[in-house]
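Participant: To start, I am sharing the structure in question, which I have written as structure tokens.
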Amino acid sequence: MDIFIDLLKIVLPSIILLAAVCYIVGGFLRNSEKHRQLKAAKDNRKIITPLRLQAYERLVLFLERTSPDSIVLHANYPDNTAEQLHQELLQTIRAEYEHNLTQQLYVSPEAWESVRNAKNYTVSLINAAAQEMEDNASAIELSRKILSMTAEMEQPPTQKAVNQLKAEIRQLFN
């Protein structure tokens with residue numbers, strides 16, 4: 001029995017000391033891991049923030065380039081027919097959209113949805129204006145019709161989408 005008590009006097013403090021060391025080392029490792037994760041998150045923000053800003057910029061540029069009034073002014077060739085202009089406008093919108101598809105990775109789903117809706121609405125507006133044209137209509141006539149339909153709107157969807165993107169950017173920096 002004396003051996004058991006002597007052994008217990010040696011082993012018990014060792015077990016307590018080992019538990020204390022494990023607790024201290026575990027705490028140190030947890031803190032070290034948290035610190036590493038915070039540093040990684042900070043480093044990621046340094047990389048992601050400029051990419052996100054660039055995505056917002058590119059999407060605003062896309063919306064400005066494909067707004068009905070802007071696209072008509074940039075793509076209008078007086079010698080073209082309405083059908084030629086119609087196809088050119090749709091091709092321009094499609095190419096710009098495809099060029100900016102990857103930007104959806106950096107913006108909210110709601111922002112991307114508004115960009116997509118604005119694009120779809122612009123395509124619908126151009127198609128509707130083209131359907132109202134006679135077979136031999138000129139590109140100028142189609143341009144006037146598109147501009148007239150746009151002027152009737154309180155706020156074009158492209159502008160609504162630009163406003164949403166701007167609001168999200170402000171939230172990023174508040």
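Chain lettering (A, B, ...) mirrors the order of the structure tokens, residue numbering begins at 1 for each chain separately, and ligand numbering begins at 1 in order of display.
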Pick out the residues sitting within 10 Å of Leu73 of chain A, and hand them over as a list in words; count only C-alpha atoms, and ignore anything fewer than 4 positions along from it in its own chain.
Facilitator: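 Residues near the query, excluding close chain neighbours: Arg65, Pro68, Asp69, Tyr77, Ser143 and Leu147 of chain A.
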Participant: Mind the document's chain letters and residue numbers, and return as a PyMOL selection string the residues of segment 1-152 of chain A that DSSP labels alpha helix (DSSP H).
Facilitator: chain A and resi 2-66+68-75+82-99+109-131+139-151
Participant: Hey, which of A:Ile71, A:Met153, A:Leu59, A:Ile24 ends up closest to Ser114 of chain A? Count only C-alpha atoms.
Facilitator: A:Leu59
Participant: Ranking A:Ala55, A:Val162, A:Met133, A:Val11 by minimum distance to Val107 of chain A and counting only C-alpha atoms, which one comes first?
Facilitator: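 For Val107 of chain A, the nearest of the candidates is A:Ala55.
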Participant: Go through A:Ile140, A:Arg30, A:Arg94, A:Leu53 one by one, measure the shortest atom-to-atom distance of each to Arg170 of chain A using only C-alpha atoms, and give the residue with the smallest value.
Facilitator: A:Leu53
Participant: Counting only C-alpha atoms, which residue out of A:Ser32, A:Gln54, A:Ser108, A:Thr49 sits closest to Glu168 of chain A?
Facilitator: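 Going through A:Ser32, A:Gln54, A:Ser108, A:Thr49 one by one, the smallest distance to Glu168 of chain A is for A:Ser108.
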Participant: Please measure the separation of atom CA of His86 of chain A and atom CA of Glu98 of chain A, giving the value in Å to one decimal.
Facilitator: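 About the pair atom CA of His86 of chain A and atom CA of Glu98 of chain A: they are 18.4 Å apart.
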